[in-house]
Every structure is written in C-alpha cells, then in structure tokens.
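Worksheet: one structure, shown below.
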Amino acid sequence: MHIEMPRDVVYIIEQLNNAGHQAYAVGGCVRDSLLGRIPNDWDITTSATPEEIKAVFRRTVDTGIKHGTVTVLMGKEGYEVTTFRIDGEYSDHRRPDGVTFTSELKEDLLRRDFTINAMAYNDETGLVDLYGGEDDLKNRVIRCVGVPDERFDEDALRIMRAVRFAAQLGFEIDEASRDAAERHALDLRNVSAERIETELTKLLVSPHPEKLMDMYEMGITAVMLPEFDRMIDTPQNTPYHKYDVGRHTIEVMKNVSPTKVMRYAALLHDTGKVETRTTDENGRDHFKGHSFASEKIAEKVLRRLRMDNDTIRDVKKIVLWHDFGIKGGITIKSVRKMLSQMGEEYFDDYVEIKRADIIGQSDYRSDVSYDNLDMIIDFHDEIMKDGDALSISDLALKGQDLIEMGIKPGPEMGEILRGLLDKVLDDPELNTKERLKELL
C-alpha cells in the first residue's frame, strides 16, 4: 500500500530517518488518505526527542515542547513533529498530568483515541496498523484503542469525538465503546465550553447531524445540551406535526445547508416550545409565542458555548423570524414590514429554514404552507424590484432635512423618522420628500 504524502512531509521523515530516528505520518492524515480524502493536516511522530528534532532542522518553533511537539517550518508551512510518548494520569479527565517519551511506536499509538486514528505510515515501512484501524475503516466502525473506559476516563471529550467522527464519516460506534461512553458521559462536566462547542459544531455541520440522537441516547446532551432532552420530551399533539419537538428539530437540521449559522438556527428554532406549550380542551397543543421564547433560549445556549457575537446575532435573527407566515393572512405590507424588522439580508436564510420547517412537519395542509412561502417569496421579489424603502436610510426625507425644518438631532428626530418609515412601509408611494414633509 502506498500513500501519497506532500513533498515536505516526505522530506521531514527522510531527514529524521537519515539522522537515525524513526518517523511516520500519523493519525487523521493516514485515516483520510485511506478513505480517499485529502487531509487537512499532516502530523508526524518520531522517536527523536524535541532537542534531537531541532538539531536536524534549521527552522523550528517550540509549539508544545513539554509534550514533545516541535513545529518544523518548511517555507510558509509548518508541520507538527511529536516525540513518541506515553501519557501520564488524566486526573482532570482533560489532559495528562505529564508525559514520558518512549522509543516505541506501539506505545505511542496505544495512547490514541480510536483505532482509525491510531495508524502510522512512511514509504519505507508502509502502513503500521497495530490495532485494526484499517478493518474498522472498511467496516465503518468507530472503536476505541484498547480499553474504552480507559480512553474516555483519560479525556472525556473523546465521548463527543466518537459521535462527531461517526457523523462526519457516516460510521457507527461499536457497542463496547458506546457502552463506555454512556458510563463516562457525566465526566463532560469537566470539559471547557470552548472544547464542547468545537465538537458540537463539527457534528452539526457534518453530513449526518441526526447523529445528535446518538448523543441523546448516550446521555451526552443531558450534560452539555439539556435543552435538546427537554425538546425530545415535548410532544406536539397537533395535525401539523408527526414528531415530538426534538425529532422535528433533527429533520429541520437535515434539510438546511451545512453551515454553522443555519445548523444552529435549526437546532434552536423550537426550543421555546417546551415552555410555551398549552393544550386545549380537545387535546390539541398550541405553542403561542414560541419564536420569542426560542430566541431568548438560543442566546442563552450560544453564550454558554462561548459562541462568537456574530454567530449569536445571526442565529437569533433566524430563530425569531422562522415562524412568520405560518398561518397565512400574508400581504405585501406584512412582508415589507417583516423585511424592515428582520433585515433583507436574512431573507434567504428565512426561506431556507421555513422550507426545512415544513419538510419536518406532517403532510397536513403542507400544500398551504408551501403556497404561503411562495407568496412571501413573490412579494419579496416585487418589493426588491420596486425598490421600496425598508429602513430609515431609504427615506427620501433625511435627518438634514429635518434639521432645516427646525428639528434638533436627538431622540425626537429618531422617533419622527421611525414614524415616517411606518407610513412608508404601508404605502411606498409616500416616499417622496414633498409627501413626507406634508405628513410631518
């Protein structure tokens, strides 16, 4: 078997070999190469100590010298070269208390998380697969190296990583690893929000976001996303729905584009249904105002995950507006006002989540829902074609005009402009300087 490696990687391995050391490409780059994918990164493992690595190469950076990692610079690229090592105790379920360097590749591979990530390669030796990673790739299985309980006890984040890899690759987690993950799920409380967010995001934007159900079944979401568990426990006794809120959410996620904003918006769009659910005398459920409640919960969840402010803003906007037009009664005026408040730049996102929302419902009156969405799109296109004013900056009467009319800058001016915009949203023909002055 031959793996095509970048020229720089081949050079680094050859130079270490020529200096009397073992060296291999290792981990995800080997896995992806065997899957026919183009690796994002190439990591190298070696029997050389950090000092010996630095003695071989002219340009290096002490990236993680304590853990044996040196970055070798080749042109503008950097490649992490790490000494074979044995990890010490993981007292915090996050990182080893210390490491011991070793000359044995076998011991280095044994400390890795999953068999598919515990393979090494160089052109001289070929593939080094001591723990069955190649077979697990062929069988589409995520399996821990060695004893699963030990791997998860070392680093609880591996519990989420198992599901994330399954989602990215379309694999299943083997039974022993899955059982161990369930036993150690509570250890995720020791993992930082930033690391949790990284793994959750990778899962959500993967080809299989429905693997979030695996996290639910394994007790993972109960620790890091309890809102999802509550959605699973919330039925929707209405002819418009065939799933509980959680399973409906899964269907919506599957039908939006795999971007961070859209997948999180889909995940959180109905979180408010848990607290707004009411049941009438006929046993039918209602969720009045759930979009507003969902927006607040979305912000709470995203801030807990230490999400960036831009993502929080965009997700909240989509969550708040996702239910617009669901009941009909749509007019060009109502669409114009929606665009003004929501922001026209979010319209395509609104259409996308609205369409996915309908797909995730029952077939009951779905034709009406699709017709309503088409009507909204048609009104939007007409508004854009006509160039209707949607914001204060679109008004023909500007702040300077108001100053010339004797109105001082300040809250009163802002209130006047908002009032004029409301009039123009109802009747775009009013948006001339003369007509607006008459109104004023």
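Letters A, B, ... go to the chains of the structure tokens in the order shown; residues in each chain start at 1; ligands are counted from 1 in the same order.
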Exercise for review: Could you pull out the residues in stretch 170-388 of chain A that DSSP calls helix (DSSP H, G or I) from the backbone, as number ranges by chain?
Suggested key: A: 175-190, 193-204, 209-217, 221-224, 226-232, 245-254, 260-268, 273-276, 290-304, 309-321, 332-342, 344-359, 366-386
**Study point:** Residue neighbourhood A:Glu345, 12 Å, only C-alpha atoms, exclusion window fewer than 2 positions, as a PyMOL selection string
**Key:** chain A and resi 314+317-318+338-343+347-351+380+384+390
Store the residues of this selection in a file with all heavy atoms, as a compact mmCIF listing (two decimals), in the first residue's frame.
```
# COMPACT_ATOMS: atom_id res chain seq x y z
N ASP A 314 -26.76 36.33 14.27
CA ASP A 314 -27.40 35.76 13.08
C ASP A 314 -28.36 34.63 13.45
O ASP A 314 -29.47 34.55 12.89
CB ASP A 314 -26.34 35.25 12.11
CG ASP A 314 -25.50 36.36 11.52
OD1 ASP A 314 -25.89 37.54 11.64
OD2 ASP A 314 -24.44 36.07 10.93
N LYS A 317 -31.57 36.02 14.97
CA LYS A 317 -32.44 36.66 13.97
C LYS A 317 -33.26 35.60 13.23
O LYS A 317 -34.48 35.76 13.03
CB LYS A 317 -31.59 37.46 12.99
CG LYS A 317 -32.39 38.30 12.01
CD LYS A 317 -32.95 39.54 12.64
CE LYS A 317 -31.89 40.56 12.95
NZ LYS A 317 -32.47 41.88 13.32
N ILE A 318 -32.63 34.53 12.81
CA ILE A 318 -33.32 33.48 12.06
C ILE A 318 -34.33 32.76 12.95
O ILE A 318 -35.46 32.46 12.53
CB ILE A 318 -32.30 32.50 11.46
CG1 ILE A 318 -31.37 33.22 10.49
CG2 ILE A 318 -33.01 31.35 10.74
CD1 ILE A 318 -30.14 32.44 10.10
N MET A 338 -41.91 42.82 7.66
CA MET A 338 -41.01 41.76 8.10
C MET A 338 -39.58 42.05 7.64
O MET A 338 -38.62 41.95 8.41
CB MET A 338 -41.45 40.41 7.55
CG MET A 338 -40.48 39.27 7.92
SD MET A 338 -40.72 37.73 7.01
CE MET A 338 -39.99 38.15 5.43
N LEU A 339 -39.43 42.41 6.36
CA LEU A 339 -38.11 42.69 5.82
C LEU A 339 -37.46 43.88 6.52
O LEU A 339 -36.25 43.90 6.75
CB LEU A 339 -38.20 42.95 4.32
CG LEU A 339 -38.61 41.75 3.45
CD1 LEU A 339 -38.83 42.21 2.01
CD2 LEU A 339 -37.55 40.67 3.50
N SER A 340 -38.26 44.86 6.88
CA SER A 340 -37.74 46.03 7.55
C SER A 340 -37.20 45.68 8.93
O SER A 340 -36.13 46.14 9.33
CB SER A 340 -38.83 47.10 7.69
OG SER A 340 -38.37 48.21 8.42
N GLN A 341 -37.94 44.85 9.65
CA GLN A 341 -37.53 44.50 11.01
C GLN A 341 -36.46 43.40 11.03
O GLN A 341 -35.53 43.46 11.83
CB GLN A 341 -38.76 44.03 11.80
CG GLN A 341 -39.80 45.13 11.99
CD GLN A 341 -41.07 44.60 12.66
OE1 GLN A 341 -41.01 43.99 13.72
NE2 GLN A 341 -42.21 44.84 12.05
N MET A 342 -36.62 42.43 10.16
CA MET A 342 -35.69 41.31 10.14
C MET A 342 -34.37 41.69 9.47
O MET A 342 -33.30 41.28 9.92
CB MET A 342 -36.31 40.12 9.39
CG MET A 342 -35.42 38.89 9.27
SD MET A 342 -36.23 37.54 8.37
CE MET A 342 -36.23 38.22 6.70
N GLY A 343 -34.46 42.47 8.42
CA GLY A 343 -33.30 42.77 7.61
C GLY A 343 -33.35 41.95 6.33
O GLY A 343 -33.40 40.72 6.38
N PHE A 347 -33.22 37.28 4.39
CA PHE A 347 -34.40 36.69 3.75
C PHE A 347 -34.12 35.29 3.23
O PHE A 347 -34.93 34.37 3.40
CB PHE A 347 -34.91 37.58 2.62
CG PHE A 347 -36.18 37.05 1.99
CD1 PHE A 347 -37.38 37.14 2.67
CD2 PHE A 347 -36.16 36.44 0.74
CE1 PHE A 347 -38.55 36.63 2.11
CE2 PHE A 347 -37.31 35.94 0.17
CZ PHE A 347 -38.52 36.04 0.86
N ASP A 348 -32.99 35.08 2.56
CA ASP A 348 -32.69 33.74 2.03
C ASP A 348 -32.58 32.72 3.15
O ASP A 348 -33.00 31.57 3.00
CB ASP A 348 -31.39 33.77 1.22
CG ASP A 348 -31.55 34.52 -0.10
OD1 ASP A 348 -32.69 34.73 -0.53
OD2 ASP A 348 -30.52 34.89 -0.70
N ASP A 349 -32.01 33.13 4.30
CA ASP A 349 -31.93 32.22 5.45
C ASP A 349 -33.32 31.90 5.97
O ASP A 349 -33.61 30.75 6.34
CB ASP A 349 -31.09 32.86 6.57
CG ASP A 349 -29.65 33.12 6.14
OD1 ASP A 349 -29.16 32.40 5.27
OD2 ASP A 349 -29.04 34.06 6.69
N TYR A 350 -34.18 32.92 6.00
CA TYR A 350 -35.56 32.71 6.44
C TYR A 350 -36.26 31.70 5.54
O TYR A 350 -36.92 30.77 6.02
CB TYR A 350 -36.32 34.04 6.43
CG TYR A 350 -37.81 33.86 6.34
CD1 TYR A 350 -38.56 33.50 7.47
CD2 TYR A 350 -38.48 34.00 5.12
CE1 TYR A 350 -39.92 33.29 7.37
CE2 TYR A 350 -39.84 33.80 5.02
CZ TYR A 350 -40.56 33.44 6.14
OH TYR A 350 -41.91 33.22 6.05
N VAL A 351 -36.12 31.86 4.23
CA VAL A 351 -36.77 30.94 3.29
C VAL A 351 -36.25 29.52 3.49
O VAL A 351 -37.01 28.54 3.49
CB VAL A 351 -36.53 31.40 1.83
CG1 VAL A 351 -37.00 30.33 0.84
CG2 VAL A 351 -37.26 32.72 1.56
N HIS A 380 -41.64 39.41 -1.78
CA HIS A 380 -40.27 39.88 -1.59
C HIS A 380 -39.65 40.34 -2.90
O HIS A 380 -39.04 41.41 -2.99
CB HIS A 380 -39.42 38.76 -0.98
CG HIS A 380 -37.94 39.00 -1.07
ND1 HIS A 380 -37.18 38.58 -2.16
CD2 HIS A 380 -37.06 39.63 -0.24
CE1 HIS A 380 -35.93 38.94 -1.99
NE2 HIS A 380 -35.83 39.58 -0.84
N MET A 384 -38.35 44.11 -3.84
CA MET A 384 -36.97 44.38 -4.27
C MET A 384 -36.95 45.03 -5.66
O MET A 384 -36.16 45.96 -5.91
CB MET A 384 -36.17 43.07 -4.30
CG MET A 384 -35.91 42.45 -2.94
SD MET A 384 -34.93 43.52 -1.84
CE MET A 384 -36.21 44.13 -0.75
N LEU A 390 -37.14 50.22 3.09
CA LEU A 390 -37.25 49.24 4.17
C LEU A 390 -36.58 49.71 5.45
O LEU A 390 -36.72 49.09 6.49
CB LEU A 390 -36.64 47.91 3.73
CG LEU A 390 -37.30 47.22 2.54
CD1 LEU A 390 -36.50 45.98 2.14
CD2 LEU A 390 -38.75 46.85 2.86
```
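The interatomic distance for the pair atom CA of A:Thr60 and atom CA of A:Ser47 works out to 17.1 Å.
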Exercise for review: Would you kindly return, as a count of residues only, each protein, DNA or RNA residue with an atom no farther than 12 Å from any atom of A:Gly325, considering only C-alpha atoms and excluding same-chain residues fewer than 5 positions away?
Suggested key: 21
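Counting only C-alpha atoms, the residue from A:Val145, A:Thr45, A:His241, A:Leu105 that sits nearest to A:Arg284 is A:His241.
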Practice item. Pick out the residues sitting within 9 Å of A:Lys242, and hand them over as a PyMOL selection string; count only C-alpha atoms, and ignore anything fewer than 2 positions along from it in its own chain. Key: chain A and resi 236-240+244+248+360-363
Point to revise | Non-local contacts of stretch 156-160 of chain A (7 Å; only C-alpha atoms; under 4 positions in same chain excluded) as a ChimeraX atom specification | key: /A:93-94,113,152,164,181,187-188,191,199
Residues as selected, N, CA and C atoms, written as an mmCIF file, in the first residue's frame, can you do that?
```
data_model
loop_
_atom_site.group_PDB
_atom_site.id
_atom_site.type_symbol
_atom_site.label_atom_id
_atom_site.label_comp_id
_atom_site.auth_asym_id
_atom_site.auth_seq_id
_atom_site.Cartn_x
_atom_site.Cartn_y
_atom_site.Cartn_z
ATOM 1 N N HIS A 93 -9.604 14.475 33.662
ATOM 2 C CA HIS A 93 -10.376 13.962 32.524
ATOM 3 C C HIS A 93 -10.261 14.860 31.297
ATOM 4 N N ARG A 94 -9.156 15.603 31.204
ATOM 5 C CA ARG A 94 -8.985 16.522 30.070
ATOM 6 C C ARG A 94 -7.612 16.391 29.424
ATOM 7 N N ASP A 113 -6.987 7.871 20.592
ATOM 8 C CA ASP A 113 -8.389 7.644 20.950
ATOM 9 C C ASP A 113 -9.033 6.459 20.244
ATOM 10 N N PHE A 152 -11.850 6.934 27.608
ATOM 11 C CA PHE A 152 -12.778 8.005 27.960
ATOM 12 C C PHE A 152 -12.468 8.609 29.320
ATOM 13 N N ARG A 164 -18.931 12.573 16.870
ATOM 14 C CA ARG A 164 -18.592 13.511 15.792
ATOM 15 C C ARG A 164 -17.970 12.796 14.603
ATOM 16 N N ALA A 181 -18.950 5.010 26.744
ATOM 17 C CA ALA A 181 -19.257 6.432 26.622
ATOM 18 C C ALA A 181 -20.433 6.808 27.518
ATOM 19 N N ASP A 187 -18.640 12.885 32.957
ATOM 20 C CA ASP A 187 -17.303 13.487 33.038
ATOM 21 C C ASP A 187 -17.163 14.690 32.111
ATOM 22 N N LEU A 188 -18.095 14.847 31.175
ATOM 23 C CA LEU A 188 -18.058 16.015 30.288
ATOM 24 C C LEU A 188 -18.225 17.313 31.064
ATOM 25 N N VAL A 191 -15.102 19.355 31.110
ATOM 26 C CA VAL A 191 -14.545 19.827 29.836
ATOM 27 C C VAL A 191 -14.986 21.265 29.600
ATOM 28 N N GLU A 199 -16.558 20.482 19.180
ATOM 29 C CA GLU A 199 -17.025 19.155 18.769
ATOM 30 C C GLU A 199 -18.488 19.183 18.344
#
```
**Study point:** Pairwise distance for atom CA of A:Lys408 and atom CA of A:Asp394, rounded to one decimal in Å
**Key:** 20.3 Å
Review point. Hey, which of A:Ile250, A:Leu137, A:Val26, A:Leu200 ends up closest to A:Met307? Count only C-alpha atoms.
Key: A:Leu200
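The coordinates place atom CA of A:Ile383 at 12.5 Å from atom CA of A:Val424.
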Exercise for review: Can you work out which one of A:Ser33, A:Ser294, A:Gln15, A:Ser206 has the shortest atom-to-atom distance to A:Met119, counting only C-alpha atoms?
Suggested key: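 Selected residue with least distance to A:Met119: A:Ser33.
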Practice item. Using only C-alpha atoms, find the one residue out of A:Thr276, A:Thr198, A:Thr259, A:Thr102 that sits nearest to A:Asp87. Key: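 Comparing A:Thr276, A:Thr198, A:Thr259, A:Thr102 against A:Asp87, the winner is A:Thr102.
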Review point. If you count only C-alpha atoms, which residues fall within 6 Å of stretch 168-174 of chain A, apart from same-chain ones fewer than 6 positions away, as a PyMOL selection string?
Key: chain A and resi 140-143+206
Practice item. May I have all residues of stretch 255-291 of chain A that DSSP, computed from the backbone, assigns to strand (DSSP E or B), given as an NGL selection string? Key: :A and (278-279 or 285-286)
Store the residues of this selection in a file with all heavy atoms, as a PDB file, in the first residue's frame.
```pdb
ATOM      1  N   THR A 278     -49.225  24.688  25.386  1.00  0.00           N
ATOM      2  CA  THR A 278     -50.505  24.592  26.089  1.00  0.00           C
ATOM      3  C   THR A 278     -51.372  23.583  25.346  1.00  0.00           C
ATOM      4  O   THR A 278     -51.179  23.340  24.151  1.00  0.00           O
ATOM      5  CB  THR A 278     -51.240  25.945  26.152  1.00  0.00           C
ATOM      6  OG1 THR A 278     -51.463  26.423  24.809  1.00  0.00           O
ATOM      7  CG2 THR A 278     -50.421  26.979  26.915  1.00  0.00           C
ATOM      8  N   THR A 279     -52.345  23.014  26.046  1.00  0.00           N
ATOM      9  CA  THR A 279     -53.231  22.016  25.442  1.00  0.00           C
ATOM     10  C   THR A 279     -54.674  22.445  25.661  1.00  0.00           C
ATOM     11  O   THR A 279     -55.074  22.722  26.797  1.00  0.00           O
ATOM     12  CB  THR A 279     -52.993  20.626  26.067  1.00  0.00           C
ATOM     13  OG1 THR A 279     -51.604  20.282  25.958  1.00  0.00           O
ATOM     14  CG2 THR A 279     -53.819  19.566  25.348  1.00  0.00           C
ATOM     15  N   ASP A 285     -52.371  20.659  21.026  1.00  0.00           N
ATOM     16  CA  ASP A 285     -51.318  21.512  21.569  1.00  0.00           C
ATOM     17  C   ASP A 285     -51.172  22.801  20.775  1.00  0.00           C
ATOM     18  O   ASP A 285     -51.390  22.831  19.555  1.00  0.00           O
ATOM     19  CB  ASP A 285     -49.973  20.781  21.567  1.00  0.00           C
ATOM     20  CG  ASP A 285     -49.906  19.659  22.587  1.00  0.00           C
ATOM     21  OD1 ASP A 285     -50.678  19.710  23.569  1.00  0.00           O
ATOM     22  OD2 ASP A 285     -49.090  18.732  22.399  1.00  0.00           O
ATOM     23  N   HIS A 286     -50.806  23.864  21.492  1.00  0.00           N
ATOM     24  CA  HIS A 286     -50.514  25.165  20.878  1.00  0.00           C
ATOM     25  C   HIS A 286     -49.196  25.681  21.464  1.00  0.00           C
ATOM     26  O   HIS A 286     -48.837  25.373  22.606  1.00  0.00           O
ATOM     27  CB  HIS A 286     -51.653  26.156  21.152  1.00  0.00           C
ATOM     28  CG  HIS A 286     -52.987  25.676  20.670  1.00  0.00           C
ATOM     29  ND1 HIS A 286     -53.443  25.887  19.374  1.00  0.00           N
ATOM     30  CD2 HIS A 286     -53.965  24.976  21.299  1.00  0.00           C
ATOM     31  CE1 HIS A 286     -54.650  25.348  19.234  1.00  0.00           C
ATOM     32  NE2 HIS A 286     -54.995  24.783  20.395  1.00  0.00           N
TER      33      HIS A 286
END
```
Point to revise | For A:Val30: contacts at 9 Å, only C-alpha atoms, fewer than 2 positions along chain excluded, given as number ranges by chain | key: A: 3, 25-28, 32-35, 39, 42, 116-121, 127
